[in-house]
file final_12.cif (mmCIF, N, CA and C atoms)
data_start
#
loop_
_atom_site.label_atom_id
_atom_site.label_comp_id
_atom_site.auth_asym_id
_atom_site.auth_seq_id
_atom_site.Cartn_x
_atom_site.Cartn_y
_atom_site.Cartn_z
N MET A 2 -21.30 2.18 21.75
CA MET A 2 -20.11 2.72 21.13
C MET A 2 -19.00 2.84 22.17
N THR A 3 -17.79 2.77 21.70
CA THR A 3 -16.64 2.82 22.59
C THR A 3 -15.95 4.18 22.48
N ASP A 4 -14.81 4.29 23.10
CA ASP A 4 -14.03 5.54 23.12
C ASP A 4 -13.72 6.03 21.71
N THR A 5 -13.58 7.35 21.56
CA THR A 5 -13.29 7.93 20.25
C THR A 5 -11.82 7.87 19.89
N ARG A 6 -10.94 7.51 20.81
CA ARG A 6 -9.51 7.48 20.52
C ARG A 6 -9.10 6.10 20.01
N LEU A 7 -8.06 6.09 19.20
CA LEU A 7 -7.53 4.85 18.64
C LEU A 7 -6.04 4.83 18.95
N PHE A 8 -5.62 3.82 19.69
CA PHE A 8 -4.22 3.73 20.12
C PHE A 8 -3.81 4.98 20.87
N GLY A 9 -4.74 5.59 21.61
CA GLY A 9 -4.47 6.79 22.37
C GLY A 9 -4.41 8.06 21.55
N LEU A 10 -4.71 7.98 20.26
CA LEU A 10 -4.63 9.13 19.36
C LEU A 10 -6.01 9.49 18.84
N HIS A 11 -6.16 10.75 18.45
CA HIS A 11 -7.38 11.11 17.73
C HIS A 11 -7.37 10.33 16.43
N PRO A 12 -8.49 9.78 15.97
CA PRO A 12 -8.50 8.92 14.79
C PRO A 12 -8.01 9.57 13.50
N TYR A 13 -7.98 10.91 13.44
CA TYR A 13 -7.49 11.55 12.22
C TYR A 13 -6.02 11.23 11.96
N ILE A 14 -5.25 11.06 13.02
CA ILE A 14 -3.80 10.80 12.86
C ILE A 14 -3.56 9.42 12.26
N PRO A 15 -4.10 8.33 12.85
CA PRO A 15 -3.91 7.02 12.20
C PRO A 15 -4.52 6.97 10.80
N ALA A 16 -5.61 7.71 10.58
CA ALA A 16 -6.24 7.72 9.25
C ALA A 16 -5.29 8.29 8.21
N ALA A 17 -4.65 9.40 8.55
CA ALA A 17 -3.72 10.03 7.61
C ALA A 17 -2.51 9.13 7.36
N ILE A 18 -2.00 8.52 8.41
CA ILE A 18 -0.86 7.61 8.25
C ILE A 18 -1.24 6.43 7.38
N LEU A 19 -2.39 5.83 7.66
CA LEU A 19 -2.85 4.68 6.87
C LEU A 19 -3.06 5.07 5.41
N ALA A 20 -3.65 6.22 5.18
CA ALA A 20 -3.88 6.67 3.80
C ALA A 20 -2.55 6.83 3.06
N ILE A 21 -1.57 7.42 3.70
CA ILE A 21 -0.26 7.60 3.06
C ILE A 21 0.38 6.26 2.76
N VAL A 22 0.32 5.35 3.71
CA VAL A 22 0.91 4.02 3.52
C VAL A 22 0.26 3.29 2.35
N VAL A 23 -1.05 3.39 2.23
CA VAL A 23 -1.77 2.72 1.14
C VAL A 23 -1.58 3.46 -0.18
N LEU A 24 -1.48 4.77 -0.13
CA LEU A 24 -1.30 5.55 -1.36
C LEU A 24 0.03 5.29 -2.05
N ILE A 25 1.06 4.97 -1.30
CA ILE A 25 2.38 4.78 -1.91
C ILE A 25 2.37 3.69 -2.98
N PRO A 26 1.92 2.45 -2.67
CA PRO A 26 1.91 1.45 -3.74
C PRO A 26 0.92 1.77 -4.86
N ILE A 27 -0.19 2.44 -4.52
CA ILE A 27 -1.14 2.80 -5.56
C ILE A 27 -0.51 3.83 -6.50
N ALA A 28 0.22 4.79 -5.93
CA ALA A 28 0.89 5.80 -6.75
C ALA A 28 1.94 5.17 -7.66
N LEU A 29 2.55 4.08 -7.22
CA LEU A 29 3.57 3.40 -8.01
C LEU A 29 2.99 2.43 -9.04
N THR A 30 1.69 2.24 -8.99
CA THR A 30 1.01 1.35 -9.92
C THR A 30 0.87 2.04 -11.27
N PRO A 31 1.15 1.34 -12.36
CA PRO A 31 1.00 1.97 -13.69
C PRO A 31 -0.42 2.49 -13.90
N GLU A 32 -0.50 3.59 -14.61
CA GLU A 32 -1.76 4.32 -14.83
C GLU A 32 -2.95 3.44 -15.24
N PRO A 33 -2.82 2.52 -16.16
CA PRO A 33 -4.05 1.80 -16.54
C PRO A 33 -4.66 0.97 -15.41
N TYR A 34 -3.87 0.66 -14.39
CA TYR A 34 -4.36 -0.22 -13.31
C TYR A 34 -4.69 0.53 -12.03
N ARG A 35 -4.25 1.77 -11.94
CA ARG A 35 -4.44 2.55 -10.71
C ARG A 35 -5.93 2.70 -10.37
N ASN A 36 -6.74 3.05 -11.35
CA ASN A 36 -8.17 3.22 -11.08
C ASN A 36 -8.83 1.92 -10.66
N ASP A 37 -8.33 0.80 -11.18
CA ASP A 37 -8.86 -0.50 -10.75
C ASP A 37 -8.64 -0.68 -9.25
N LEU A 38 -7.43 -0.40 -8.79
CA LEU A 38 -7.13 -0.53 -7.36
C LEU A 38 -8.00 0.41 -6.53
N LEU A 39 -8.15 1.64 -6.99
CA LEU A 39 -8.98 2.59 -6.27
C LEU A 39 -10.44 2.15 -6.23
N ALA A 40 -10.91 1.54 -7.30
CA ALA A 40 -12.29 1.03 -7.35
C ALA A 40 -12.46 -0.15 -6.39
N TYR A 41 -11.51 -1.07 -6.39
CA TYR A 41 -11.59 -2.22 -5.48
C TYR A 41 -11.58 -1.76 -4.03
N GLN A 42 -10.73 -0.78 -3.76
CA GLN A 42 -10.65 -0.29 -2.38
C GLN A 42 -11.98 0.36 -1.98
N LEU A 43 -12.60 1.11 -2.87
CA LEU A 43 -13.89 1.73 -2.56
C LEU A 43 -14.92 0.66 -2.19
N LEU A 44 -14.92 -0.44 -2.92
CA LEU A 44 -15.84 -1.54 -2.59
C LEU A 44 -15.55 -2.12 -1.22
N ILE A 45 -14.28 -2.29 -0.92
CA ILE A 45 -13.89 -2.88 0.36
C ILE A 45 -14.30 -1.97 1.51
N ILE A 46 -14.00 -0.68 1.40
CA ILE A 46 -14.34 0.21 2.53
C ILE A 46 -15.85 0.36 2.68
N ALA A 47 -16.57 0.30 1.59
CA ALA A 47 -18.04 0.34 1.69
C ALA A 47 -18.56 -0.96 2.30
N GLY A 48 -17.92 -2.06 1.99
CA GLY A 48 -18.35 -3.36 2.50
C GLY A 48 -18.09 -3.56 3.98
N VAL A 49 -17.19 -2.79 4.55
CA VAL A 49 -16.89 -2.93 5.98
C VAL A 49 -18.14 -2.70 6.81
N TYR A 50 -18.98 -1.79 6.37
CA TYR A 50 -20.20 -1.51 7.13
C TYR A 50 -21.16 -2.70 7.16
N ILE A 51 -21.05 -3.61 6.21
CA ILE A 51 -21.86 -4.83 6.26
C ILE A 51 -21.47 -5.64 7.49
N GLY A 52 -20.17 -5.73 7.74
CA GLY A 52 -19.70 -6.43 8.94
C GLY A 52 -20.23 -5.79 10.20
N PHE A 53 -20.21 -4.46 10.26
CA PHE A 53 -20.76 -3.77 11.43
C PHE A 53 -22.25 -4.05 11.56
N ALA A 54 -22.97 -4.08 10.44
CA ALA A 54 -24.41 -4.33 10.48
C ALA A 54 -24.72 -5.74 10.96
N VAL A 55 -23.95 -6.71 10.48
CA VAL A 55 -24.15 -8.10 10.93
C VAL A 55 -23.87 -8.20 12.42
N ASN A 56 -22.82 -7.54 12.86
CA ASN A 56 -22.49 -7.54 14.29
C ASN A 56 -23.59 -6.86 15.10
N ASP A 57 -24.17 -5.80 14.56
CA ASP A 57 -25.26 -5.09 15.22
C ASP A 57 -26.48 -6.00 15.34
N GLY A 58 -26.82 -6.70 14.25
CA GLY A 58 -27.88 -7.69 14.29
C GLY A 58 -29.30 -7.21 14.03
N ARG A 59 -29.54 -5.93 14.01
CA ARG A 59 -30.91 -5.44 13.77
C ARG A 59 -31.20 -5.45 12.27
N PRO A 60 -32.33 -6.03 11.85
CA PRO A 60 -32.66 -6.11 10.42
C PRO A 60 -32.70 -4.76 9.72
N VAL A 61 -33.22 -3.72 10.36
CA VAL A 61 -33.30 -2.42 9.72
C VAL A 61 -31.89 -1.87 9.47
N VAL A 62 -30.98 -2.08 10.39
CA VAL A 62 -29.59 -1.64 10.21
C VAL A 62 -28.95 -2.39 9.05
N MET A 63 -29.20 -3.70 8.99
CA MET A 63 -28.65 -4.49 7.89
C MET A 63 -29.20 -4.00 6.55
N ALA A 64 -30.48 -3.69 6.49
CA ALA A 64 -31.09 -3.21 5.24
C ALA A 64 -30.47 -1.88 4.82
N ILE A 65 -30.27 -0.99 5.76
CA ILE A 65 -29.66 0.32 5.46
C ILE A 65 -28.25 0.13 4.92
N GLU A 66 -27.47 -0.72 5.56
CA GLU A 66 -26.08 -0.90 5.14
C GLU A 66 -25.97 -1.67 3.82
N VAL A 67 -26.89 -2.58 3.56
CA VAL A 67 -26.90 -3.28 2.26
C VAL A 67 -27.25 -2.29 1.15
N ALA A 68 -28.22 -1.42 1.40
CA ALA A 68 -28.57 -0.39 0.40
C ALA A 68 -27.38 0.54 0.16
N HIS A 69 -26.68 0.88 1.23
CA HIS A 69 -25.46 1.70 1.11
C HIS A 69 -24.45 1.01 0.22
N LEU A 70 -24.21 -0.27 0.45
CA LEU A 70 -23.24 -1.00 -0.36
C LEU A 70 -23.67 -1.06 -1.82
N ALA A 71 -24.96 -1.26 -2.07
CA ALA A 71 -25.46 -1.31 -3.45
C ALA A 71 -25.17 0.00 -4.18
N GLY A 72 -25.36 1.10 -3.50
CA GLY A 72 -25.06 2.40 -4.10
C GLY A 72 -23.58 2.54 -4.43
N PHE A 73 -22.72 2.04 -3.57
CA PHE A 73 -21.29 2.16 -3.82
C PHE A 73 -20.81 1.17 -4.86
N ILE A 74 -21.49 0.06 -4.98
CA ILE A 74 -21.19 -0.85 -6.10
C ILE A 74 -21.49 -0.14 -7.42
N ALA A 75 -22.63 0.55 -7.47
CA ALA A 75 -22.99 1.30 -8.69
C ALA A 75 -21.97 2.39 -8.99
N LEU A 76 -21.56 3.16 -7.98
CA LEU A 76 -20.56 4.21 -8.21
C LEU A 76 -19.23 3.62 -8.68
N THR A 77 -18.87 2.49 -8.12
CA THR A 77 -17.61 1.84 -8.51
C THR A 77 -17.66 1.39 -9.96
N LEU A 78 -18.75 0.77 -10.35
CA LEU A 78 -18.88 0.33 -11.74
C LEU A 78 -18.89 1.52 -12.69
N LEU A 79 -19.58 2.57 -12.32
CA LEU A 79 -19.57 3.77 -13.15
C LEU A 79 -18.14 4.35 -13.24
N GLY A 80 -17.42 4.27 -12.13
CA GLY A 80 -16.04 4.75 -12.12
C GLY A 80 -15.12 3.95 -13.01
N LEU A 81 -15.40 2.67 -13.14
CA LEU A 81 -14.59 1.81 -14.01
C LEU A 81 -15.03 1.88 -15.47
N TRP A 82 -16.32 1.98 -15.71
CA TRP A 82 -16.84 1.88 -17.06
C TRP A 82 -17.07 3.22 -17.75
N ILE A 83 -17.36 4.27 -16.98
CA ILE A 83 -17.72 5.55 -17.58
C ILE A 83 -16.61 6.59 -17.37
N SER A 84 -16.33 6.90 -16.11
CA SER A 84 -15.34 7.94 -15.81
C SER A 84 -14.82 7.75 -14.39
N PRO A 85 -13.51 7.91 -14.18
CA PRO A 85 -12.98 7.81 -12.82
C PRO A 85 -13.49 8.91 -11.89
N TRP A 86 -14.13 9.92 -12.44
CA TRP A 86 -14.72 10.96 -11.58
C TRP A 86 -15.82 10.37 -10.69
N PHE A 87 -16.43 9.27 -11.11
CA PHE A 87 -17.40 8.60 -10.24
C PHE A 87 -16.73 8.02 -9.01
N LEU A 88 -15.45 7.64 -9.13
CA LEU A 88 -14.71 7.16 -7.96
C LEU A 88 -14.47 8.32 -6.99
N VAL A 89 -14.20 9.50 -7.54
CA VAL A 89 -14.05 10.69 -6.68
C VAL A 89 -15.35 10.91 -5.91
N VAL A 90 -16.46 10.87 -6.63
CA VAL A 90 -17.77 11.02 -5.97
C VAL A 90 -17.95 9.93 -4.92
N GLY A 91 -17.52 8.72 -5.24
CA GLY A 91 -17.63 7.61 -4.31
C GLY A 91 -16.85 7.83 -3.03
N TYR A 92 -15.61 8.28 -3.15
CA TYR A 92 -14.79 8.50 -1.95
C TYR A 92 -15.35 9.63 -1.09
N PHE A 93 -15.73 10.73 -1.72
CA PHE A 93 -16.28 11.83 -0.92
C PHE A 93 -17.66 11.46 -0.36
N SER A 94 -18.46 10.72 -1.11
CA SER A 94 -19.76 10.28 -0.61
C SER A 94 -19.62 9.31 0.54
N HIS A 95 -18.61 8.46 0.46
CA HIS A 95 -18.42 7.52 1.56
C HIS A 95 -18.00 8.25 2.82
N GLY A 96 -17.20 9.29 2.67
CA GLY A 96 -16.87 10.11 3.83
C GLY A 96 -18.11 10.74 4.44
N ALA A 97 -19.01 11.20 3.59
CA ALA A 97 -20.28 11.75 4.08
C ALA A 97 -21.10 10.67 4.78
N TRP A 98 -21.07 9.46 4.23
CA TRP A 98 -21.77 8.33 4.86
C TRP A 98 -21.22 8.09 6.26
N ASP A 99 -19.90 8.19 6.40
CA ASP A 99 -19.28 8.04 7.72
C ASP A 99 -19.83 9.08 8.69
N LEU A 100 -19.99 10.32 8.21
CA LEU A 100 -20.51 11.39 9.06
C LEU A 100 -21.93 11.10 9.56
N LEU A 101 -22.69 10.36 8.78
CA LEU A 101 -24.08 10.06 9.16
C LEU A 101 -24.18 9.02 10.27
N HIS A 102 -23.10 8.33 10.57
CA HIS A 102 -23.12 7.30 11.62
C HIS A 102 -22.91 7.95 12.99
N ARG A 103 -24.02 8.42 13.52
CA ARG A 103 -24.05 9.01 14.85
C ARG A 103 -25.37 8.60 15.49
N PRO A 104 -25.45 8.63 16.79
CA PRO A 104 -26.65 8.13 17.47
C PRO A 104 -27.96 8.73 16.98
N SER A 105 -27.95 9.98 16.51
CA SER A 105 -29.22 10.60 16.09
C SER A 105 -29.56 10.31 14.63
N LEU A 106 -28.67 9.67 13.88
CA LEU A 106 -28.93 9.41 12.47
C LEU A 106 -28.88 7.91 12.20
N ILE A 107 -27.83 7.44 11.53
CA ILE A 107 -27.70 6.00 11.27
C ILE A 107 -27.09 5.37 12.51
N GLN A 108 -27.80 4.43 13.10
CA GLN A 108 -27.44 3.95 14.43
C GLN A 108 -26.76 2.59 14.44
N THR A 109 -26.04 2.27 13.38
CA THR A 109 -25.28 1.02 13.36
C THR A 109 -24.29 1.03 14.52
N GLU A 110 -24.28 -0.02 15.29
CA GLU A 110 -23.36 -0.11 16.43
C GLU A 110 -21.94 -0.34 15.92
N LEU A 111 -21.06 0.60 16.23
CA LEU A 111 -19.65 0.48 15.83
C LEU A 111 -18.79 1.31 16.76
N ALA A 112 -17.50 1.10 16.66
CA ALA A 112 -16.57 1.87 17.49
C ALA A 112 -16.65 3.34 17.13
N ARG A 113 -16.63 4.21 18.11
CA ARG A 113 -16.78 5.65 17.86
C ARG A 113 -15.62 6.23 17.06
N TRP A 114 -14.47 5.59 17.10
CA TRP A 114 -13.32 6.11 16.36
C TRP A 114 -13.42 5.79 14.87
N TYR A 115 -14.25 4.81 14.50
CA TYR A 115 -14.25 4.37 13.10
C TYR A 115 -14.77 5.43 12.12
N PRO A 116 -15.93 6.05 12.34
CA PRO A 116 -16.40 7.04 11.36
C PRO A 116 -15.41 8.18 11.10
N PRO A 117 -14.81 8.82 12.13
CA PRO A 117 -13.87 9.89 11.80
C PRO A 117 -12.61 9.37 11.11
N LEU A 118 -12.16 8.19 11.48
CA LEU A 118 -10.99 7.61 10.81
C LEU A 118 -11.30 7.38 9.34
N CYS A 119 -12.43 6.75 9.06
CA CYS A 119 -12.80 6.43 7.69
C CYS A 119 -13.08 7.70 6.88
N LEU A 120 -13.68 8.70 7.52
CA LEU A 120 -13.94 9.97 6.85
C LEU A 120 -12.65 10.59 6.33
N VAL A 121 -11.66 10.70 7.18
CA VAL A 121 -10.39 11.31 6.78
C VAL A 121 -9.71 10.48 5.71
N TYR A 122 -9.71 9.16 5.90
CA TYR A 122 -9.10 8.26 4.92
C TYR A 122 -9.77 8.42 3.56
N ASP A 123 -11.10 8.40 3.54
CA ASP A 123 -11.86 8.52 2.29
C ASP A 123 -11.58 9.85 1.60
N TRP A 124 -11.62 10.93 2.36
CA TRP A 124 -11.46 12.25 1.75
C TRP A 124 -10.03 12.51 1.31
N ILE A 125 -9.04 11.90 1.96
CA ILE A 125 -7.67 11.99 1.46
C ILE A 125 -7.59 11.32 0.10
N PHE A 126 -8.19 10.13 -0.01
CA PHE A 126 -8.17 9.42 -1.29
C PHE A 126 -8.94 10.19 -2.36
N GLY A 127 -10.07 10.78 -2.00
CA GLY A 127 -10.82 11.58 -2.97
C GLY A 127 -10.00 12.76 -3.47
N ALA A 128 -9.31 13.44 -2.56
CA ALA A 128 -8.50 14.59 -2.94
C ALA A 128 -7.32 14.18 -3.82
N VAL A 129 -6.65 13.09 -3.46
CA VAL A 129 -5.52 12.62 -4.26
C VAL A 129 -6.00 12.19 -5.64
N LEU A 130 -7.14 11.54 -5.69
CA LEU A 130 -7.68 11.11 -6.99
C LEU A 130 -8.00 12.32 -7.87
N ILE A 131 -8.55 13.37 -7.27
CA ILE A 131 -8.79 14.61 -8.05
C ILE A 131 -7.46 15.12 -8.60
N PHE A 132 -6.44 15.16 -7.77
CA PHE A 132 -5.12 15.62 -8.20
C PHE A 132 -4.62 14.78 -9.39
N TRP A 133 -4.72 13.45 -9.28
CA TRP A 133 -4.27 12.59 -10.36
C TRP A 133 -5.06 12.79 -11.65
N LEU A 134 -6.34 13.06 -11.51
CA LEU A 134 -7.18 13.25 -12.71
C LEU A 134 -6.94 14.59 -13.38
N VAL A 135 -6.60 15.59 -12.59
CA VAL A 135 -6.41 16.94 -13.14
C VAL A 135 -4.99 17.14 -13.68
N VAL A 136 -4.02 16.58 -12.99
CA VAL A 136 -2.61 16.80 -13.40
C VAL A 136 -2.22 15.87 -14.51
#

call {"tool": "encode", "arguments": {"input": "final_12.cif", "output": "structure tokens"}}
result
Amino acid sequence: MTDTRLFGLHPYIPAAILAIVVLIPIALTPEPYRNDLLAYQLLIIAGVYIGFAVNDGRPVVMAIEVAHLAGFIALTLLGLWISPWFLVVGYFSHGAWDLLHRPSLIQTELARWYPPLCLVYDWIFGAVLIFWLVV
């Protein structure tokens, strides 16, 4: 693992900036399509760990990350077909998944700044999605 800083900053700062930048066009998207974008994004952020697993190269790591992706595919489909609340669960669950990537738990080799960045990004999206669903 590498340094925990990203561009000299704690990863929470770029995560918040990135989330705001991505949220703007999603917020401007008409309501019937907004959940589609949020679902596609959930798949993409879950799929990033496949790249880390391939780079890591260990079969057990790849199996763990593929199982992770399968779970998020299911949450995404449930979010599209049943209720967008499954997308909320997906974003907050993915943040929790990020928290599990530490040397004593899930040992996929990745940059140390990535899990906290992704955690903040995911949870910002989960919180905003709750706001959109309630208001």

call {"tool": "residues_around", "arguments": {"input": "final_12.cif", "residues": "segment 66-82 of chain A", "least_positions_apart": "4", "cutoff": "7 Å", "atoms": "all atoms listed in the file", "output": "list in words"}}
result
Asn36, Asp37, Ala40, Leu43, Leu44, Ala47, Gly48, Tyr50, Ile51, Ala54, Val61, Val62, Trp86, Phe87, Leu88, Val89 and Gly91 of chain A

call {"tool": "atom_distance", "arguments": {"input": "final_12.cif", "atom1": "atom C of Pro12 of chain A", "atom2": "atom CA of Val136 of chain A"}}
result
28.4 Å

call {"tool": "select_by_dssp", "arguments": {"input": "final_12.cif", "residues": "segment 91-127 of chain A", "states": "alpha helix (DSSP H)", "output": "list in words"}}
result
Gly91, Tyr92, Phe93, Ser94, His95, Gly96, Ala97, Trp98, Asp99, Leu100, Leu101, Tyr115, Pro116, Pro117, Leu118, Cys119, Leu120, Val121, Tyr122, Asp123, Trp124, Ile125, Phe126 and Gly127 of chain A

call {"tool": "atom_distance", "arguments": {"input": "final_12.cif", "atom1": "atom CA of Val22 of chain A", "atom2": "atom N of Gly127 of chain A"}}
result
14.0 Å

call {"tool": "atom_distance", "arguments": {"input": "final_12.cif", "atom1": "atom CA of Cys119 of chain A", "atom2": "atom CA of Gly52 of chain A"}}
result
14.6 Å

call {"tool": "residues_around", "arguments": {"input": "final_12.cif", "residues": "Glu110 of chain A", "least_positions_apart": "2", "cutoff": "12 Å", "atoms": "only C-alpha atoms", "output": "list in words"}}
result
Met2, Thr3, Tyr50, Ile51, Gly52, Phe53, Ala54, Val55, Asn56, Asp57, Gly58, Arg59, Val62, Met63, Glu66, His102, Arg103, Pro104, Leu106, Ile107, Gln108, Ala112, Arg113, Trp114, Tyr115 and Pro116 of chain A

call {"tool": "resolve_selection", "arguments": {"input": "final_12.cif", "expression": "the PyMOL selection byres ((chain A and resi 95) around 8)", "output": "MDAnalysis selection string"}}
result
chainID A and resid 46:47 89:94 96:101 119:120 123:124

call {"tool": "closest_residue", "arguments": {"input": "final_12.cif", "among": "A:Pro117, A:Ala128, A:Gly9, A:Tyr122", "to": "Gln42 of chain A", "atoms": "only C-alpha atoms"}}
result
A:Tyr122
